[in-house]
>>> print(open('structure_10.txt').read())   # compact mmCIF, C-alpha atoms and all ligand atoms
# COMPACT_ATOMS: atom_id res chain seq x y z
CA MET E 27 49.05 153.34 135.30
CA THR E 28 50.27 155.10 132.15
CA ASP E 29 53.55 153.24 132.59
CA LEU E 30 51.74 149.93 132.64
CA ILE E 31 49.87 150.75 129.46
CA ASP E 32 53.13 151.86 127.81
CA SER E 33 54.83 148.71 128.94
CA LEU E 34 52.07 146.52 127.53
CA ALA E 35 52.02 148.49 124.27
CA SER E 36 55.79 147.93 123.94
CA GLY E 37 55.25 144.19 123.95
CA ASN E 38 56.14 143.35 127.54
CA ASP E 39 54.30 140.85 129.66
CA LEU E 40 53.19 142.19 133.00
CA SER E 41 53.43 140.72 136.47
CA ASP E 42 50.32 139.26 138.09
CA ASP E 43 49.95 142.37 140.22
CA GLU E 44 50.29 144.66 137.22
CA TRP E 45 47.67 142.70 135.27
CA ARG E 46 45.42 142.72 138.32
CA PHE E 47 45.62 146.48 138.49
CA LEU E 48 44.72 146.91 134.81
CA LEU E 49 41.81 144.46 135.14
CA GLU E 50 40.25 145.59 138.38
CA GLY E 51 42.12 148.67 139.57
CA ASP E 52 40.63 152.10 140.02
CA TYR E 53 41.94 154.17 137.11
CA ASP E 54 40.65 156.10 134.13
CA ARG E 55 39.61 153.38 131.69
CA GLN E 56 39.04 155.94 128.96
CA ARG E 57 42.80 156.42 128.74
CA LEU E 58 43.21 152.70 128.18
CA PHE E 59 40.52 152.71 125.48
CA ASP E 60 42.11 155.72 123.77
CA ARG E 61 45.50 154.06 123.73
CA ALA E 62 44.03 150.89 122.23
CA ASP E 63 42.28 152.99 119.59
CA LYS E 64 45.57 154.68 118.75
CA VAL E 65 47.30 151.32 118.25
CA ARG E 66 44.42 150.06 116.12
CA ARG E 67 44.67 153.18 113.91
CA GLN E 68 48.42 152.65 113.48
CA HIS E 69 47.81 149.24 111.90
CA TYR E 70 44.33 149.42 110.40
CA GLY E 71 43.59 153.14 110.11
CA THR E 72 39.89 153.76 110.48
CA ASP E 73 38.86 150.68 108.46
CA VAL E 74 36.10 148.51 109.84
CA TYR E 75 35.81 145.08 108.23
CA ILE E 76 32.43 143.45 107.94
CA ARG E 77 31.75 139.71 107.99
CA GLY E 78 28.49 138.17 106.87
CA LEU E 79 27.53 135.74 109.62
CA ILE E 80 25.50 132.76 108.41
CA GLU E 81 24.24 130.62 111.29
CA ILE E 82 23.94 127.30 109.49
CA SER E 83 22.58 125.04 112.25
CA SER E 84 21.21 125.30 115.76
CA PHE E 85 21.66 121.58 116.43
CA CYS E 86 24.51 120.92 118.83
CA LYS E 87 25.86 117.78 120.42
CA ASN E 88 27.62 119.76 123.13
CA ASP E 89 26.19 120.80 126.44
CA CYS E 90 28.02 124.00 127.40
CA LEU E 91 26.32 125.19 130.57
CA TYR E 92 26.09 128.80 129.35
CA CYS E 93 24.71 128.26 125.88
CA GLY E 94 21.07 128.38 124.81
CA ILE E 95 21.49 125.83 122.01
CA ARG E 96 23.07 123.23 124.31
CA ARG E 97 21.90 119.68 123.72
CA SER E 98 19.96 119.48 126.97
CA ASN E 99 17.80 122.47 126.19
CA ALA E 100 14.62 120.77 125.03
CA ASN E 101 13.00 124.17 124.49
CA ALA E 102 15.57 125.28 121.92
CA GLU E 103 14.17 125.53 118.40
CA ARG E 104 16.33 123.58 116.02
CA TYR E 105 16.93 124.30 112.34
CA ARG E 106 19.55 123.60 109.77
CA LEU E 107 20.10 125.51 106.52
CA SER E 108 20.31 123.66 103.22
CA LYS E 109 23.25 124.23 100.89
CA GLU E 110 20.97 126.24 98.63
CA GLU E 111 19.88 128.45 101.52
CA ILE E 112 23.52 129.08 102.41
CA TYR E 113 24.37 129.99 98.81
CA ALA E 114 21.40 132.36 98.71
CA CYS E 115 22.73 134.09 101.85
CA CYS E 116 26.12 134.49 100.18
CA ALA E 117 24.55 135.95 97.02
CA GLN E 118 22.63 138.47 99.08
CA GLY E 119 25.71 139.23 101.14
CA TYR E 120 27.94 139.74 98.13
CA GLU E 121 25.46 142.28 96.75
CA LEU E 122 25.56 144.12 100.07
CA GLY E 123 29.36 144.37 99.96
CA PHE E 124 30.42 141.45 102.14
CA ARG E 125 33.72 139.84 101.13
CA THR E 126 33.90 137.41 104.04
CA PHE E 127 31.29 134.78 104.80
CA VAL E 128 31.33 133.14 108.20
CA LEU E 129 29.63 129.76 108.41
CA GLN E 130 28.87 129.24 112.07
CA GLY E 131 26.88 126.51 113.73
CA GLY E 132 26.44 124.19 116.63
CA GLU E 133 28.37 120.93 116.48
CA ASP E 134 25.93 119.17 114.18
CA ALA E 135 26.75 115.62 113.01
CA TYR E 136 24.76 116.32 109.83
CA HIS E 137 27.73 118.45 108.72
CA THR E 138 29.96 115.66 107.50
CA THR E 139 33.49 116.32 106.30
CA GLU E 140 32.29 116.09 102.70
CA TRP E 141 29.21 118.26 103.21
CA VAL E 142 31.27 121.15 104.52
CA GLU E 143 33.99 120.56 101.92
CA GLU E 144 31.43 120.90 99.16
CA VAL E 145 29.93 124.06 100.58
CA VAL E 146 33.35 125.70 101.02
CA SER E 147 34.43 124.73 97.47
CA ALA E 148 31.20 126.02 95.95
CA ILE E 149 31.43 129.38 97.73
CA LYS E 150 35.11 129.85 96.88
CA GLU E 151 34.43 128.95 93.24
CA LYS E 152 31.59 131.42 92.93
CA TYR E 153 33.31 134.19 94.92
CA PRO E 154 37.08 133.84 94.47
CA ASP E 155 37.53 137.33 95.86
CA CYS E 156 35.91 136.39 99.17
CA ALA E 157 37.23 134.77 102.32
CA VAL E 158 35.39 131.88 103.93
CA THR E 159 35.54 131.57 107.69
CA LEU E 160 34.36 128.42 109.41
CA SER E 161 33.13 128.28 112.99
CA LEU E 162 31.88 124.74 113.44
CA GLY E 163 33.55 123.73 116.66
CA GLU E 164 35.91 120.91 117.50
CA ARG E 165 36.70 118.49 114.69
CA PRO E 166 39.48 116.02 113.92
CA GLN E 167 42.57 117.54 112.37
CA GLU E 168 41.82 115.76 109.06
CA ASP E 169 38.54 117.65 108.70
CA TYR E 170 40.29 120.95 109.26
CA GLU E 171 42.89 119.98 106.66
CA ILE E 172 40.33 118.95 104.06
CA TRP E 173 38.34 122.15 104.53
CA TYR E 174 41.52 124.22 104.31
CA LYS E 175 42.39 122.51 101.02
CA ALA E 176 38.86 123.21 99.81
CA GLY E 177 39.61 126.91 100.31
CA ALA E 178 38.54 127.85 103.82
CA ASP E 179 40.68 130.78 104.93
CA ARG E 180 39.88 131.27 108.58
CA TYR E 181 38.50 129.36 111.56
CA LEU E 182 36.92 130.71 114.71
CA LEU E 183 37.04 128.57 117.83
CA ARG E 184 36.83 130.52 121.03
CA HIS E 185 38.87 128.94 123.79
CA GLU E 186 36.14 130.27 126.17
CA THR E 187 38.59 130.44 129.12
CA ALA E 188 42.29 129.69 129.33
CA SER E 189 42.01 128.30 132.84
CA ARG E 190 41.40 124.58 132.92
CA PRO E 191 39.56 124.52 136.29
CA HIS E 192 37.34 127.33 135.05
CA TYR E 193 36.74 125.55 131.73
CA GLU E 194 35.56 122.53 133.70
CA LYS E 195 33.00 124.63 135.55
CA LEU E 196 31.52 125.88 132.28
CA HIS E 197 31.37 122.53 130.49
CA PRO E 198 30.33 118.94 131.23
CA PRO E 199 33.09 116.35 131.78
CA GLN E 200 32.77 115.08 128.18
CA GLN E 201 34.13 118.38 126.88
CA SER E 202 37.85 118.60 127.33
CA TYR E 203 39.92 121.72 127.78
CA LYS E 204 42.93 119.88 126.40
CA TYR E 205 41.18 118.85 123.20
CA ARG E 206 39.86 122.33 122.58
CA MET E 207 43.35 123.78 122.94
CA LEU E 208 44.68 121.02 120.66
CA CYS E 209 42.10 121.96 118.03
CA LEU E 210 43.33 125.56 118.16
CA GLN E 211 46.95 124.45 117.76
CA ASN E 212 45.97 122.24 114.81
CA LEU E 213 44.09 125.03 113.07
CA LYS E 214 46.97 127.43 113.34
CA GLN E 215 49.51 124.85 112.24
CA ILE E 216 47.45 123.98 109.14
CA GLY E 217 47.59 127.61 108.10
CA TYR E 218 44.19 129.03 108.96
CA GLN E 219 43.90 132.58 110.16
CA THR E 220 42.80 131.39 113.55
CA GLY E 221 40.42 133.00 115.98
CA ALA E 222 40.32 132.39 119.72
CA GLY E 223 38.24 134.24 122.27
CA PHE E 224 36.43 134.22 125.56
CA MET E 225 33.44 135.48 127.47
CA VAL E 226 33.80 138.22 130.06
CA GLY E 227 31.94 137.78 133.33
CA SER E 228 31.07 134.12 132.84
CA PRO E 229 30.08 132.30 136.04
CA PHE E 230 32.98 131.55 138.42
CA GLN E 231 35.42 133.66 136.37
CA SER E 232 38.09 135.26 138.55
CA THR E 233 40.52 138.03 137.73
CA ASP E 234 43.24 135.39 137.62
CA ASP E 235 41.25 133.54 134.95
CA LEU E 236 41.17 136.70 132.83
CA ILE E 237 44.92 137.11 133.34
CA ALA E 238 45.30 133.54 132.07
CA ASP E 239 43.29 134.56 128.98
CA MET E 240 45.62 137.48 128.31
CA ARG E 241 48.71 135.32 128.74
CA PHE E 242 47.24 132.66 126.49
CA LEU E 243 46.58 135.24 123.76
CA ARG E 244 50.10 136.57 124.06
CA GLU E 245 51.53 133.10 123.72
CA PHE E 246 49.19 131.68 121.06
CA GLN E 247 49.12 134.81 118.88
CA PRO E 248 45.74 134.23 117.24
CA HIS E 249 44.89 136.34 114.20
CA MET E 250 41.39 137.03 115.54
CA VAL E 251 39.95 137.34 119.01
CA GLY E 252 36.23 137.35 119.82
CA ILE E 253 35.39 138.86 123.19
CA GLY E 254 31.87 139.35 124.48
CA PRO E 255 30.10 139.61 127.80
CA PHE E 256 28.49 136.49 129.21
CA ILE E 257 24.72 136.93 128.94
CA PRO E 258 22.46 134.45 130.72
CA HIS E 259 20.01 132.33 128.77
CA HIS E 260 16.81 131.49 130.64
CA ASP E 261 16.83 127.79 129.68
CA THR E 262 20.36 127.00 130.89
CA PRO E 263 21.86 126.11 134.29
CA PHE E 264 23.38 129.60 134.32
CA ALA E 265 20.05 131.39 133.92
CA ALA E 266 20.37 133.18 137.26
CA TYR E 267 23.97 134.37 136.92
CA PRO E 268 24.61 138.05 136.22
CA GLN E 269 25.76 139.19 132.81
CA GLY E 270 29.26 140.48 132.16
CA THR E 271 29.62 144.24 132.34
CA LEU E 272 30.17 146.68 129.52
CA GLU E 273 33.20 148.24 131.19
CA GLN E 274 34.95 144.95 131.87
CA THR E 275 34.32 143.73 128.33
CA LEU E 276 35.67 146.97 126.83
CA THR E 277 38.68 146.70 129.14
CA MET E 278 39.43 143.20 127.82
CA VAL E 279 39.01 144.37 124.21
CA ALA E 280 41.45 147.24 124.79
CA LEU E 281 44.01 145.06 126.60
CA THR E 282 43.77 142.54 123.76
CA ARG E 283 44.46 145.27 121.19
CA LEU E 284 47.56 146.34 123.12
CA THR E 285 48.72 142.74 123.50
CA LEU E 286 48.06 141.82 119.84
CA PRO E 287 48.39 145.05 117.86
CA HIS E 288 47.61 143.32 114.51
CA ALA E 289 44.62 141.31 115.65
CA LEU E 290 41.21 141.34 114.03
CA ILE E 291 38.87 141.99 116.92
CA PRO E 292 35.10 142.08 116.45
CA ALA E 293 32.82 144.41 118.30
CA THR E 294 30.59 141.46 119.09
CA THR E 295 26.85 140.99 118.89
CA ALA E 296 26.86 140.24 122.63
CA LEU E 297 28.43 143.65 123.28
CA GLY E 298 25.72 145.23 121.13
CA THR E 299 23.12 143.29 123.08
CA ILE E 300 24.04 144.61 126.54
CA HIS E 301 24.19 148.26 125.45
CA PRO E 302 22.61 150.07 122.49
CA GLN E 303 25.99 151.67 121.64
CA GLY E 304 28.02 148.67 122.74
CA ARG E 305 29.47 147.90 119.36
CA GLU E 306 30.47 151.50 118.66
CA MET E 307 32.15 151.60 122.07
CA GLY E 308 33.91 148.34 121.20
CA LEU E 309 35.30 149.95 118.05
CA GLN E 310 36.48 152.91 120.11
CA ALA E 311 38.25 150.55 122.52
CA GLY E 312 40.30 148.74 119.88
CA ALA E 313 37.91 146.51 117.90
CA ASN E 314 37.99 146.69 114.09
CA VAL E 315 35.45 144.15 112.82
CA VAL E 316 31.67 143.79 112.91
CA MET E 317 29.75 140.68 111.98
CA PRO E 318 26.18 141.44 110.85
CA ASN E 319 23.72 138.59 110.60
CA LEU E 320 23.19 137.25 107.08
CA SER E 321 21.09 134.25 108.12
CA PRO E 322 17.60 133.99 106.63
CA VAL E 323 15.26 136.19 108.65
CA SER E 324 12.94 133.21 109.25
CA VAL E 325 15.52 131.33 111.38
CA ARG E 326 17.28 134.23 113.09
CA GLY E 327 15.37 134.03 116.34
CA GLN E 328 16.21 130.34 116.66
CA TYR E 329 19.98 130.74 116.94
CA SER E 330 19.52 131.80 120.50
CA LEU E 331 22.78 131.49 122.42
CA TYR E 332 21.69 133.97 125.10
CA ASP E 333 18.63 136.07 125.92
CA ASN E 334 17.68 139.18 123.93
CA LYS E 335 20.28 138.57 121.22
CA ILE E 336 19.91 141.40 118.73
CA CYS E 337 19.17 140.43 115.14
CA ALA E 338 17.45 143.42 113.58
CA GLY E 339 18.48 146.97 112.74
CA GLU E 340 22.17 147.64 112.24
CA GLU E 341 22.91 144.11 113.44
CA ALA E 342 21.20 142.63 110.39
CA ALA E 343 22.87 142.50 107.02
CA GLU E 344 19.86 144.33 105.47
CA GLY E 345 20.60 147.09 107.95
CA ILE E 346 24.00 147.68 106.39
CA ALA E 347 23.20 151.30 105.51
CA LEU E 348 22.35 151.96 109.15
CA LEU E 349 25.46 150.12 110.28
CA LYS E 350 27.62 152.22 107.95
CA SER E 351 26.22 155.44 109.33
CA CYS E 352 26.71 154.27 112.93
CA VAL E 353 30.30 153.28 112.19
CA THR E 354 30.95 156.62 110.49
CA ALA E 355 29.43 158.49 113.40
CA ALA E 356 31.78 156.59 115.72
CA GLY E 357 34.78 157.84 113.69
CA TYR E 358 35.50 154.91 111.35
CA GLN E 359 34.37 153.55 108.00
CA VAL E 360 33.06 150.26 106.72
CA VAL E 361 35.19 149.04 103.83
CA VAL E 362 34.46 146.50 101.09
CA SER E 363 37.39 144.13 101.59
CA ARG E 364 38.26 140.61 102.67
CA GLY E 365 39.81 142.29 105.67
CA ASP E 366 42.70 139.91 106.22
CA SER E 367 45.07 140.24 109.12
CA VAL E 368 47.90 142.65 108.24
CA ARG E 369 50.20 139.84 109.40
CA MET E 370 49.13 137.78 106.37
CA ARG E 371 49.81 140.41 103.71
N1 LIG U 1 26.63 134.58 126.59
C1 LIG U 1 27.59 135.10 125.81
N2 LIG U 1 28.21 134.43 124.84
C2 LIG U 1 27.85 133.15 124.64
N3 LIG U 1 28.28 132.24 123.77
C3 LIG U 1 27.58 131.12 123.96
N4 LIG U 1 26.69 131.27 124.94
C4 LIG U 1 26.84 132.54 125.40
C5 LIG U 1 26.23 133.31 126.42
N5 LIG U 1 25.27 132.80 127.19
C6 LIG U 1 29.42 132.48 122.89
C7 LIG U 1 30.52 131.45 123.12
C8 LIG U 1 30.65 130.76 121.78
C9 LIG U 1 30.09 131.79 120.83
C10 LIG U 1 29.60 131.26 119.53
O1 LIG U 1 29.03 132.36 121.55
O2 LIG U 1 31.73 132.12 123.47
O3 LIG U 1 31.97 130.41 121.45
>>> encode(input="structure_10.txt", output="structure tokens", more="lines below")
Ligand code: 5AD
Amino acid sequence: MTDLIDSLASGNDLSDDEWRFLLEGDYDRQRLFDRADKVRRQHYGTDVYIRGLIEISSFCKNDCLYCGIRRSNANAERYRLSKEEIYACCAQGYELGFRTFVLQGGEDAYHTTEWVEEVVSAIKEKYPDCAVTLSLGERPQEDYEIWYKAGADRYLLRHETASRPHYEKLHPPQQSYKYRMLCLQNLKQIGYQTGAGFMVGSPFQSTDDLIADMRFLREFQPHMVGIGPFIPHHDTPFAAYPQGTLEQTLTMVALTRLTLPHALIPATTALGTIHPQGREMGLQAGANVVMPNLSPVSVRGQYSLYDNKICAGEEAAEGIALLKSCVTAAGYQVVVSRGDSVRMR
């Protein structure tokens, strides 16, 4: 087992059987987590980067079977932030020490190329020392280019699963695995610090699917990787499926750190949702980013991707003092920094 972890940490790919053992074998996972933490400290010390997450719209034209804001969910509450509301979130976030703003939303046709371009330009003009991350889904390459020219630094687009048959079980036929992967290629080629990612324990996911995720990460070399447990949402076709486990999610975080030593890996909100110490455990298994919610308190409950999503306490941007003390207690520290990938410096 130790040999396998060494081999992975030295940059080798593993055989299917070796991957299978690391993913589902009976061994001391704590040793894996400790090794991932060691690698993270070699590249990022004890720094934890914070990102102010602004959920700009809960309208979505997509119909992902797992997601609470899918188009078909007539019970979903829909809202959209105005430009002024977004700028107010940034102002509050800057005061609190955030130097990255993440604009995330459903795929909302209201967000035209020009609308997003203007918002990105305005934020970059007001806060030249901050990074802007977009997470607005699949768009034509030209949109990505225009937004990059307007100053967007990073883009998050989880691949969700690197196995095409599995992708097709999680999405309706209108949503194409090939196009999603093309979007990721385009983003990286344009020059964005690009984020991929996947859910752990999503319906129909096999160990081989998770191996495909690891191989995809190794090949694509994203700068950022978001990994969280699948959590059912009561108004989706996957309401009755079990949630992903803490241990399996931490295992994937740790294996990702060993595969991509320089990656920016968030301890995700979903991880914090399935266990009260989930995010701290994520940090101790190789994660180095947290993304507190900067959205206006009035809309927070409406960006409901899955049940029981946390949005108060240390998860909320106003809870930054609490977050800092939790991060410190876990052995790290929150820093005021853009928190770029060390590969970009
Ligand atoms: N459980 C966990 N994560 C989810 N996401 C969407 N729905 C769920 C769910 N039910 C994740 C997807 C998406 C990100 C914004 O949220 O991976 O890319």
>>> residues_near_ligand(input="structure_10.txt", ligand="ligand LIG 1 (chain U)", cutoff="9 Å", atoms="all atoms listed in the file", output="ChimeraX atom specification")
/E:90-96,130-132,161,163,182-186,222-226,228,252-259,262,264-265,269-270,295-297,330-333
>>> residues_around(input="structure_10.txt", residues="stretch 342-348 of chain E", least_positions_apart="2", cutoff="8 Å", atoms="all atoms listed in the file", output="list of chain:residue names")
E:Gly78, E:Gly119, E:Leu122, E:Pro318, E:Asn319, E:Leu320, E:Cys337, E:Ala338, E:Gly339, E:Glu340, E:Lys350, E:Ser351, E:Cys352
>>> write_last_selection(input="structure_10.txt", atoms="C-alpha atoms", output="PDB file, in the coordinates of the input")
ATOM      1  CA  GLY E  78      28.490 138.170 106.870  1.00  0.00           C
ATOM      2  CA  GLY E 119      25.710 139.230 101.140  1.00  0.00           C
ATOM      3  CA  LEU E 122      25.560 144.120 100.070  1.00  0.00           C
ATOM      4  CA  PRO E 318      26.180 141.440 110.850  1.00  0.00           C
ATOM      5  CA  ASN E 319      23.720 138.590 110.600  1.00  0.00           C
ATOM      6  CA  LEU E 320      23.190 137.250 107.080  1.00  0.00           C
ATOM      7  CA  CYS E 337      19.170 140.430 115.140  1.00  0.00           C
ATOM      8  CA  ALA E 338      17.450 143.420 113.580  1.00  0.00           C
ATOM      9  CA  GLY E 339      18.480 146.970 112.740  1.00  0.00           C
ATOM     10  CA  GLU E 340      22.170 147.640 112.240  1.00  0.00           C
ATOM     11  CA  LYS E 350      27.620 152.220 107.950  1.00  0.00           C
ATOM     12  CA  SER E 351      26.220 155.440 109.330  1.00  0.00           C
ATOM     13  CA  CYS E 352      26.710 154.270 112.930  1.00  0.00           C
TER      14      CYS E 352
END
>>> atom_distance(input="structure_10.txt", atom1="atom CA of E:Phe85", atom2="atom CA of E:Asp134")
5.4 Å
>>> closest_atom_pairs(input="structure_10.txt", of="stretch 279-300 of chain E", to="stretch 313-317 of chain E", cutoff="9 Å", atoms="all atoms listed in the file", output="tab-separated table")
residue	atom	partner	partner_atom	distance
E:Val279	CA	E:Ala313	CA	6.8
E:Ala280	CA	E:Ala313	CA	7.8
E:Arg283	CA	E:Ala313	CA	7.4
E:Ala289	CA	E:Asn314	CA	8.7
E:Leu290	CA	E:Asn314	CA	6.2
E:Ile291	CA	E:Ala313	CA	4.7
E:Pro292	CA	E:Val315	CA	4.2
E:Ala293	CA	E:Ala313	CA	5.5
E:Thr294	CA	E:Val316	CA	6.7
E:Thr295	CA	E:Met317	CA	7.5
>>> closest_residue(input="structure_10.txt", among="E:Asp52, E:Glu164, E:Glu103, E:Asp39", to="E:Gln328", atoms="all atoms listed in the file")
E:Glu103
>>> closest_residue(input="structure_10.txt", among="E:Thr126, E:Ser202, E:Thr271, E:Asn334", to="E:Arg364", atoms="only C-alpha atoms")
E:Thr126
>>> closest_atom_pairs(input="structure_10.txt", of="stretch 38-92 of chain E", to="stretch 232-250 of chain E", cutoff="9 Å", atoms="only C-alpha atoms", output="tab-separated table")
residue	atom	partner	partner_atom	distance
E:Asp39	CA	E:Arg241	CA	7.9
E:Asp42	CA	E:Ile237	CA	7.5
E:Trp45	CA	E:Ile237	CA	6.5
E:Arg46	CA	E:Thr233	CA	6.8
E:Leu49	CA	E:Thr233	CA	7.1
E:Glu50	CA	E:Thr233	CA	7.6
>>> atom_distance(input="structure_10.txt", atom1="atom CA of E:Thr72", atom2="atom CA of E:Gln359")
6.1 Å
>>> atom_distance(input="structure_10.txt", atom1="atom CA of E:Asp366", atom2="atom CA of E:Lys109")
25.5 Å
>>> residues_around(input="structure_10.txt", residues="E:Lys152", least_positions_apart="2", cutoff="12 Å", atoms="only C-alpha atoms", output="MDAnalysis selection string")
chainID E and resid 113:114 116:117 120 125 145:150 154:158 177
>>> closest_residue(input="structure_10.txt", among="E:Ala188, E:Asn88, E:Asp60, E:Lys335", to="E:Pro302", atoms="all atoms listed in the file")
E:Lys335
>>> build_atoms(input="structure_10.txt", residues="stretch 363-371 of chain E", atoms="all heavy atoms", output="PDB file, keeping the file's coordinate frame")
ATOM      1  N   SER E 363      36.084 144.775 101.641  1.00  0.00           N
ATOM      2  CA  SER E 363      37.390 144.130 101.590  1.00  0.00           C
ATOM      3  C   SER E 363      37.299 142.794 102.292  1.00  0.00           C
ATOM      4  O   SER E 363      36.466 142.607 103.180  1.00  0.00           O
ATOM      5  CB  SER E 363      38.405 145.037 102.313  1.00  0.00           C
ATOM      6  OG  SER E 363      39.500 144.293 102.806  1.00  0.00           O
ATOM      7  N   ARG E 364      38.174 141.867 101.912  1.00  0.00           N
ATOM      8  CA  ARG E 364      38.260 140.610 102.670  1.00  0.00           C
ATOM      9  C   ARG E 364      38.655 140.882 104.112  1.00  0.00           C
ATOM     10  O   ARG E 364      38.323 140.123 104.997  1.00  0.00           O
ATOM     11  CB  ARG E 364      39.342 139.708 102.061  1.00  0.00           C
ATOM     12  CG  ARG E 364      38.908 138.888 100.879  1.00  0.00           C
ATOM     13  CD  ARG E 364      40.116 138.136 100.293  1.00  0.00           C
ATOM     14  NE  ARG E 364      40.903 137.439 101.301  1.00  0.00           N
ATOM     15  CZ  ARG E 364      41.134 136.120 101.309  1.00  0.00           C
ATOM     16  NH1 ARG E 364      40.619 135.352 100.362  1.00  0.00           N
ATOM     17  NH2 ARG E 364      41.879 135.577 102.244  1.00  0.00           N
ATOM     18  N   GLY E 365      39.423 141.939 104.306  1.00  0.00           N
ATOM     19  CA  GLY E 365      39.810 142.290 105.670  1.00  0.00           C
ATOM     20  C   GLY E 365      40.681 141.238 106.320  1.00  0.00           C
ATOM     21  O   GLY E 365      40.415 140.769 107.420  1.00  0.00           O
ATOM     22  N   ASP E 366      41.765 140.866 105.625  1.00  0.00           N
ATOM     23  CA  ASP E 366      42.700 139.910 106.220  1.00  0.00           C
ATOM     24  C   ASP E 366      43.537 140.581 107.291  1.00  0.00           C
ATOM     25  O   ASP E 366      43.667 141.800 107.326  1.00  0.00           O
ATOM     26  CB  ASP E 366      43.619 139.347 105.129  1.00  0.00           C
ATOM     27  CG  ASP E 366      42.890 138.368 104.240  1.00  0.00           C
ATOM     28  OD1 ASP E 366      42.427 137.336 104.754  1.00  0.00           O
ATOM     29  OD2 ASP E 366      42.768 138.651 103.026  1.00  0.00           O
ATOM     30  N   SER E 367      44.133 139.742 108.119  1.00  0.00           N
ATOM     31  CA  SER E 367      45.070 140.240 109.120  1.00  0.00           C
ATOM     32  C   SER E 367      46.256 140.886 108.399  1.00  0.00           C
ATOM     33  O   SER E 367      46.755 140.337 107.410  1.00  0.00           O
ATOM     34  CB  SER E 367      45.543 139.068 109.971  1.00  0.00           C
ATOM     35  OG  SER E 367      46.747 139.402 110.620  1.00  0.00           O
ATOM     36  N   VAL E 368      46.738 142.018 108.876  1.00  0.00           N
ATOM     37  CA  VAL E 368      47.900 142.650 108.240  1.00  0.00           C
ATOM     38  C   VAL E 368      49.126 141.737 108.349  1.00  0.00           C
ATOM     39  O   VAL E 368      50.076 141.864 107.589  1.00  0.00           O
ATOM     40  CB  VAL E 368      48.239 144.051 108.797  1.00  0.00           C
ATOM     41  CG1 VAL E 368      47.209 145.071 108.325  1.00  0.00           C
ATOM     42  CG2 VAL E 368      48.342 144.068 110.310  1.00  0.00           C
ATOM     43  N   ARG E 369      49.090 140.794 109.278  1.00  0.00           N
ATOM     44  CA  ARG E 369      50.200 139.840 109.400  1.00  0.00           C
ATOM     45  C   ARG E 369      50.274 138.899 108.211  1.00  0.00           C
ATOM     46  O   ARG E 369      51.291 138.266 107.986  1.00  0.00           O
ATOM     47  CB  ARG E 369      50.023 139.005 110.675  1.00  0.00           C
ATOM     48  CG  ARG E 369      50.717 139.554 111.881  1.00  0.00           C
ATOM     49  CD  ARG E 369      50.210 138.886 113.130  1.00  0.00           C
ATOM     50  NE  ARG E 369      50.557 137.478 113.215  1.00  0.00           N
ATOM     51  CZ  ARG E 369      49.928 136.592 114.001  1.00  0.00           C
ATOM     52  NH1 ARG E 369      48.928 136.990 114.747  1.00  0.00           N
ATOM     53  NH2 ARG E 369      50.294 135.357 114.024  1.00  0.00           N
ATOM     54  N   MET E 370      49.161 138.722 107.479  1.00  0.00           N
ATOM     55  CA  MET E 370      49.130 137.780 106.370  1.00  0.00           C
ATOM     56  C   MET E 370      49.525 138.416 105.041  1.00  0.00           C
ATOM     57  O   MET E 370      49.699 137.753 104.055  1.00  0.00           O
ATOM     58  CB  MET E 370      47.707 137.195 106.181  1.00  0.00           C
ATOM     59  CG  MET E 370      47.114 136.544 107.394  1.00  0.00           C
ATOM     60  SD  MET E 370      48.025 135.080 107.924  1.00  0.00           S
ATOM     61  CE  MET E 370      47.559 133.904 106.642  1.00  0.00           C
ATOM     62  N   ARG E 371      49.617 139.745 105.011  1.00  0.00           N
ATOM     63  CA  ARG E 371      49.810 140.410 103.710  1.00  0.00           C
ATOM     64  C   ARG E 371      51.242 140.323 103.229  1.00  0.00           C
ATOM     65  O   ARG E 371      52.158 140.299 104.013  1.00  0.00           O
ATOM     66  CB  ARG E 371      49.373 141.869 103.805  1.00  0.00           C
ATOM     67  CG  ARG E 371      47.861 141.963 103.855  1.00  0.00           C
ATOM     68  CD  ARG E 371      47.380 143.393 104.019  1.00  0.00           C
ATOM     69  NE  ARG E 371      45.984 143.374 104.464  1.00  0.00           N
ATOM     70  CZ  ARG E 371      45.376 144.398 105.045  1.00  0.00           C
ATOM     71  NH1 ARG E 371      46.015 145.515 105.249  1.00  0.00           N
ATOM     72  NH2 ARG E 371      44.129 144.301 105.427  1.00  0.00           N
TER      73      ARG E 371
END
